[in-house]
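Down below is the structure, laid out as structure tokens.
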Amino acid sequence: MLLELCIISILLLLYSIIWYKKNKDATLVRWPVVGEVPSIFKNAHRVHDWCVELANEVGCTVATKAFFFRIIYTCDFRNVEYIYKTNFPNFPKGKHYNDAFDMVAEGIFNAESEHWHAQRKLANLTFMSKEFRSLSAKVTQQLVQDSLFPLLDNAAHEQGHDGSILDFEDVFARFTFDSISTVLFGRNPRSLSSSTTSHHPLAEALDKATEVIFYRHVMPETWWKICRILKFGKEKEMFKPLKVIDEHMTNYIATKREEILKGGTVVQKHDVLGLYMTSKELEENKLIPKGDQFLKDSAMSFLFAGRDSTALTLSWFFWLMTENPREEAKILEELKLLYNTKLIMMSNNNNNNNNNKVIKKPSYYVFSYDTLKGLVYLHAAICEALRLYPPLPANHRSVDKDDTLPDGTRVKPGMMILISLYAMGRVEAVWGKDCLEYKPERWIDGESGKLSAVQLSKLFAFNVGPRNCIGREMAFTQLKVIIAAVIFNFHVEAVEGQVVLPKPSVTLHMQNGFKVRIKKRLNFN
Ligand code: HEM
């Protein structure tokens with residue numbers, strides 16, 4: 001009996017060794033009992049690129065099991081469109097999502113069903129208003145002129161010294177923190193000022209909170225919830241940022257209330273907090289929560305959604321420019337043409353007025369959003385950066401009722417559907433053999449020279465369907481104004497020797513930032 005047991009054990013051990021050797025290099029290994037958990041842990045540090053490998057080697061939809069928890073991973077365009085758009089009500093964000101983002105409990109980011117509908121209507125009224133759009137364009141231009149140009153000018157003058165190297169990821173994080181704070185609260189924290197090196201306490205608290213939220217996504221739910229109760233591990237680190245955030249929000253709301261009572265300036269009236277606090281829709285719609293907690297959660301939702309996403313798009317965009325000088329030259333060409341056309345028009349106006357005024361050439365030039373709106377190549381270049389580096393690389397949804405996805409995958413309540421927007425932008429079957437190359441031309445119709453509607457329908461970085469990004473217009477405004485201003489006035493060089501890679505986090509940060517040197521361009525001579 002003992003001998004038989006020994007033989008069976010040895011055979012089992014041999015089988016396990018052979019099985020392990022055969023599978024150890026596979027993209028996905030399905031272990032008995034623990035399912036794909038070891039593969040998930042093994043690839044956690046490079047989760048986004050692993051999602052691409054899964055798509056290209058295993059399939060665009062993969063059903064995985066982690067103990068008793070079922071996760072359906074997909075980057076199949078048909079499935080994602082079905083989940084976000086066609087059968088949107090059957091795929092709410094769900095309890096896992098809501099719990100992980102509990103710090104914006106009542107805000108739009110976490111609201112569901114009719115409560116979300118009511119908040120979306122309120123947010124649409126604000127974000128789509130002419131006043132808000134004009135404010136967001138004006139604020140961006142102003143910040144470029146007052147904060148970004150001096151910072152870049154300073155770095156350009158420091159050639160050969162320590163101050164000549166900037167971390168562009170940090171620069172854009174500061175820029176968007178200043179801009180979103182101005183459009184949300186009507187106050188500019190001036191974190192981009194060239195004399196400031198420390199981070200604003202609210203920005204620091206947001207960064208910390210985002211880090212903890214990422215851990216909540218990769219840890220089993222019960223584990224992080226126990227840690228929260230016991231104030232242990234990463235969860236312990238959440239208490240201080242939450243306090244800092246709450247103090248800032250309380251202060252901003254109280255100040256805004258006073259401003260409104262006194263009758264504020266245009267900016268103070270048209271910032272989001274001001275618009276919310278004076279909104280009839282908010283007052284009258286019974287489905288929208290009332291009181292300061294709702295204002296805090298809404299402001300936090302917008303801060304969360306709007307700050308990192310735009311900053312990271314800019315960081316990846318400029319990294320792509322340093323890697324693809326030919327494409328950068330095309331953007332510059334488009335901008336020079338626009339600038340010269342503007343100069344000719346101004347000069348014609350002057351001649352017609354016959355006042356013989358000499359046109360004063362500025363030292364640095366910032367294009368207004370209105371003039372940039374129609375530029376085809378610039379728009380295509382931004383879409384291409386968003387395809388390869390979507391700032392929100394992954395998203396998840398829950399399942400309300402039994403359903404079948406367009407590719408035939410059956411889904412049930414209790415399952416989580418994980419959508420990789422990062423992999424969607426890199427699927428060879430959709431984008432072709434050159435899917436990993438940066439080619440803005442793929443967004444332009446070869447015949448008409450205009451942006452291709454078919455290609456644009458494949459841009460999922462802002463999500464699609466009823467719950468798409470409400471800040472899309474604001475994001476494009478900021479991206480175009482900042483990119484045009486930097487490329488037209490400066491030459492950005494990547495510091496040699498650095499490796500730029502995505503970091504595993506909720507938003508697509510770079511692992512070690514992006515170090516650059518700045519040189520002035522001489523466009524005006
Ligand atoms: C390049 C910049 C941006 C990208 C790529 C982006 C992307 C996204 C994505 C993918 C979602 C869906 C999230 C989900 O379903 O869980 C989303 C939602 C949202 N975004 Fe953006 N976003 C950007 C900029 C902004 C800006 C500047 C704002 C302004 C505050 C903003 C506000 C929002 C809000 C409020 C939602 C939630 C909408 C809802 O649930 O109805 N976003 N965004």
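Starting from 1 in every chain, residues are counted up; chains themselves are A, B, ... following the order of the structure tokens, and ligands are numbered from 1 as listed.
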Next item on the list: Could you find all residues in range 189-435 of chain A that DSSP calls strand (DSSP E or B) from the backbone, and write them as an NGL selection string?
Entry: :A and (394-398 or 403-404 or 410-411 or 416-420)
Based on the selection just made, write N, CA and C atoms of those residues as a compact mmCIF listing (two decimals), in the first residue's frame.
```txt
# COMPACT_ATOMS: atom_id res chain seq x y z
N ALA A 394 -7.92 50.72 -18.49
CA ALA A 394 -8.86 49.61 -18.29
C ALA A 394 -10.08 50.09 -17.52
N ASN A 395 -11.14 49.33 -17.65
CA ASN A 395 -12.39 49.72 -17.01
C ASN A 395 -13.13 48.43 -16.68
N HIS A 396 -14.04 48.48 -15.71
CA HIS A 396 -14.82 47.25 -15.54
C HIS A 396 -16.30 47.52 -15.32
N ARG A 397 -17.08 46.51 -15.65
CA ARG A 397 -18.53 46.61 -15.52
C ARG A 397 -19.05 45.33 -14.87
N SER A 398 -20.23 45.41 -14.24
CA SER A 398 -20.83 44.20 -13.69
C SER A 398 -21.98 43.77 -14.62
N ASP A 403 -26.86 37.22 -20.05
CA ASP A 403 -26.79 37.86 -21.37
C ASP A 403 -25.75 37.13 -22.23
N THR A 404 -25.78 37.35 -23.53
CA THR A 404 -24.76 36.78 -24.42
C THR A 404 -24.11 37.93 -25.19
N ARG A 410 -21.13 33.87 -22.86
CA ARG A 410 -22.28 33.98 -21.96
C ARG A 410 -21.83 34.68 -20.69
N VAL A 411 -22.63 35.65 -20.23
CA VAL A 411 -22.28 36.33 -18.97
C VAL A 411 -23.46 36.25 -18.00
N MET A 416 -17.51 39.77 -13.29
CA MET A 416 -16.99 41.11 -13.58
C MET A 416 -16.47 41.10 -15.01
N ILE A 417 -16.80 42.15 -15.77
CA ILE A 417 -16.26 42.23 -17.13
C ILE A 417 -15.16 43.29 -17.13
N LEU A 418 -13.97 42.85 -17.46
CA LEU A 418 -12.82 43.75 -17.48
C LEU A 418 -12.53 44.14 -18.93
N ILE A 419 -12.55 45.44 -19.19
CA ILE A 419 -12.35 45.92 -20.57
C ILE A 419 -10.99 46.60 -20.65
N SER A 420 -10.13 46.15 -21.56
CA SER A 420 -8.83 46.81 -21.69
C SER A 420 -8.86 47.76 -22.88
```
Notebook entry, point to check: Given a cut-off of 6 Å, what residues near ligand 1 show up using only C-alpha atoms and all ligand atoms, put as a PyMOL selection string?
Noted result: chain A and resi 108-109+120+302+305-306+309-310+313+390-392+395+461-463+467-472+474-475
Notebook entry, point to check: Got a sec to tell me which of range 11-219 of chain A DSSP assigns to helix (DSSP H, G or I), as a VMD selection string?
Noted result: chain A and resid 11 to 23 37 to 58 77 to 86 88 to 90 94 to 100 102 to 104 113 to 127 130 to 157 162 to 164 168 to 185 201 to 218
Deliver the residues from the most recent selection as a file, using C-alpha atoms, as a short mmCIF file (atom, residue, chain, number, x, y, z; two decimals), in the first residue's frame.
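Saved to again.cif:
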```cif
data_model
loop_
_atom_site.label_atom_id
_atom_site.label_comp_id
_atom_site.auth_asym_id
_atom_site.auth_seq_id
_atom_site.Cartn_x
_atom_site.Cartn_y
_atom_site.Cartn_z
CA LEU A 11 4.04 10.09 -10.87
CA LEU A 12 1.96 13.10 -9.78
CA LEU A 13 5.13 15.08 -9.04
CA LEU A 14 6.65 14.15 -12.41
CA TYR A 15 3.42 15.06 -14.18
CA SER A 16 3.32 18.44 -12.37
CA ILE A 17 6.96 19.18 -13.31
CA ILE A 18 6.38 18.30 -16.97
CA TRP A 19 3.10 20.28 -16.99
CA TYR A 20 4.80 23.30 -15.40
CA LYS A 21 7.75 23.18 -17.83
CA LYS A 22 5.36 22.99 -20.76
CA ASN A 23 3.19 25.86 -19.55
CA VAL A 37 -4.41 33.74 -10.24
CA PRO A 38 -0.67 32.83 -10.61
CA SER A 39 -0.65 34.22 -14.19
CA ILE A 40 -2.34 37.41 -12.99
CA PHE A 41 0.26 37.88 -10.21
CA LYS A 42 3.13 37.02 -12.52
CA ASN A 43 2.08 39.71 -15.00
CA ALA A 44 0.74 42.33 -12.57
CA HIS A 45 3.80 44.59 -13.07
CA ARG A 46 3.13 44.74 -16.84
CA VAL A 47 -0.59 44.22 -16.79
CA HIS A 48 -1.43 46.48 -19.79
CA ASP A 49 1.02 44.84 -22.19
CA TRP A 50 -0.05 41.42 -20.92
CA CYS A 51 -3.63 42.33 -21.95
CA VAL A 52 -2.33 42.99 -25.49
CA GLU A 53 -0.54 39.60 -25.54
CA LEU A 54 -3.72 37.89 -24.35
CA ALA A 55 -5.65 39.56 -27.17
CA ASN A 56 -3.15 38.60 -29.85
CA GLU A 57 -2.23 35.11 -28.59
CA VAL A 58 -5.20 33.74 -26.61
CA PHE A 77 -14.83 45.98 -30.17
CA ARG A 78 -18.24 44.33 -30.75
CA ASN A 79 -18.50 43.27 -27.11
CA VAL A 80 -17.34 46.61 -25.76
CA GLU A 81 -19.80 48.53 -27.93
CA TYR A 82 -22.58 46.17 -26.78
CA ILE A 83 -21.67 46.71 -23.10
CA TYR A 84 -21.21 50.49 -23.27
CA LYS A 85 -23.92 51.30 -25.78
CA THR A 86 -26.34 48.72 -27.21
CA PHE A 88 -25.97 49.70 -21.62
CA PRO A 89 -28.59 49.21 -18.80
CA ASN A 90 -27.55 45.58 -18.32
CA GLY A 94 -21.58 47.65 -9.99
CA LYS A 95 -20.75 47.22 -6.33
CA HIS A 96 -17.02 46.47 -6.78
CA TYR A 97 -16.52 49.70 -8.70
CA ASN A 98 -18.69 51.77 -6.37
CA ASP A 99 -16.97 50.43 -3.26
CA ALA A 100 -13.47 51.01 -4.64
CA ASP A 102 -16.28 55.20 -2.19
CA MET A 103 -14.55 58.54 -1.71
CA VAL A 104 -16.80 60.06 -4.42
CA SER A 113 -29.51 54.10 -13.04
CA GLU A 114 -31.99 56.99 -12.63
CA HIS A 115 -29.74 58.77 -10.09
CA TRP A 116 -26.93 58.77 -12.66
CA HIS A 117 -29.38 59.99 -15.38
CA ALA A 118 -30.38 62.96 -13.22
CA GLN A 119 -26.77 63.86 -12.45
CA ARG A 120 -25.72 63.43 -16.06
CA LYS A 121 -28.40 65.93 -17.13
CA LEU A 122 -27.12 68.43 -14.56
CA ALA A 123 -23.49 67.89 -15.62
CA ASN A 124 -24.43 68.20 -19.32
CA LEU A 125 -26.12 71.54 -18.68
CA THR A 126 -22.89 72.75 -17.11
CA PHE A 127 -20.21 71.23 -19.33
CA LYS A 130 -21.26 78.13 -24.05
CA GLU A 131 -20.03 79.98 -20.99
CA PHE A 132 -18.24 76.94 -19.56
CA ARG A 133 -16.61 76.04 -22.87
CA SER A 134 -15.37 79.56 -23.36
CA LEU A 135 -14.07 79.63 -19.76
CA SER A 136 -12.13 76.39 -20.19
CA ALA A 137 -10.48 77.67 -23.42
CA LYS A 138 -9.67 81.04 -21.83
CA VAL A 139 -8.21 79.47 -18.68
CA THR A 140 -5.95 77.15 -20.72
CA GLN A 141 -4.62 79.98 -22.89
CA GLN A 142 -4.00 82.15 -19.86
CA LEU A 143 -2.13 79.40 -18.02
CA VAL A 144 0.02 78.68 -21.06
CA GLN A 145 0.98 82.33 -21.25
CA ASP A 146 1.40 83.05 -17.54
CA SER A 147 2.82 79.78 -16.22
CA LEU A 148 3.90 77.30 -18.92
CA PHE A 149 5.86 79.71 -21.16
CA PRO A 150 7.89 81.18 -18.25
CA LEU A 151 8.71 77.68 -17.00
CA LEU A 152 9.83 76.43 -20.44
CA ASP A 153 11.67 79.69 -21.16
CA ASN A 154 13.54 79.31 -17.89
CA ALA A 155 14.48 75.70 -18.70
CA ALA A 156 15.65 76.76 -22.19
CA HIS A 157 17.91 79.45 -20.67
CA ASP A 162 20.59 71.34 -13.55
CA GLY A 163 17.48 73.47 -14.12
CA SER A 164 17.48 72.64 -17.82
CA PHE A 168 7.15 66.61 -18.36
CA GLU A 169 4.84 64.22 -16.49
CA ASP A 170 5.14 66.43 -13.41
CA VAL A 171 4.84 69.66 -15.44
CA PHE A 172 1.56 68.55 -17.03
CA ALA A 173 0.19 67.17 -13.76
CA ARG A 174 0.74 70.64 -12.25
CA PHE A 175 -0.72 72.38 -15.31
CA THR A 176 -3.93 70.37 -15.31
CA PHE A 177 -4.25 70.67 -11.53
CA ASP A 178 -4.12 74.47 -11.92
CA SER A 179 -6.50 74.48 -14.87
CA ILE A 180 -9.08 72.09 -13.43
CA SER A 181 -9.00 73.90 -10.07
CA THR A 182 -9.65 77.18 -11.89
CA VAL A 183 -12.59 75.87 -13.93
CA LEU A 184 -14.02 73.90 -10.99
CA PHE A 185 -13.52 76.28 -8.10
CA PRO A 201 -1.42 69.33 -0.55
CA LEU A 202 -4.69 68.64 -2.40
CA ALA A 203 -2.80 67.31 -5.46
CA GLU A 204 -0.66 65.13 -3.21
CA ALA A 205 -3.74 63.80 -1.41
CA LEU A 206 -5.36 62.97 -4.77
CA ASP A 207 -2.25 61.08 -5.91
CA LYS A 208 -2.18 59.03 -2.72
CA ALA A 209 -5.91 58.25 -2.94
CA THR A 210 -5.52 57.14 -6.59
CA GLU A 211 -2.71 54.79 -5.54
CA VAL A 212 -4.90 53.19 -2.86
CA ILE A 213 -7.80 52.87 -5.33
CA PHE A 214 -5.49 50.95 -7.67
CA TYR A 215 -4.62 48.50 -4.87
CA ARG A 216 -8.34 48.03 -4.23
CA HIS A 217 -8.68 46.92 -7.84
CA VAL A 218 -5.95 44.29 -7.65
#
```
Next item on the list: Using only C-alpha atoms, find the one residue out of A:Tyr365, A:Tyr339, A:Trp443, A:Phe317 that sits nearest to Leu386 in chain A.
Entry: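 Looking at the shortest contact to Leu386 in chain A, the residue is A:Phe317.
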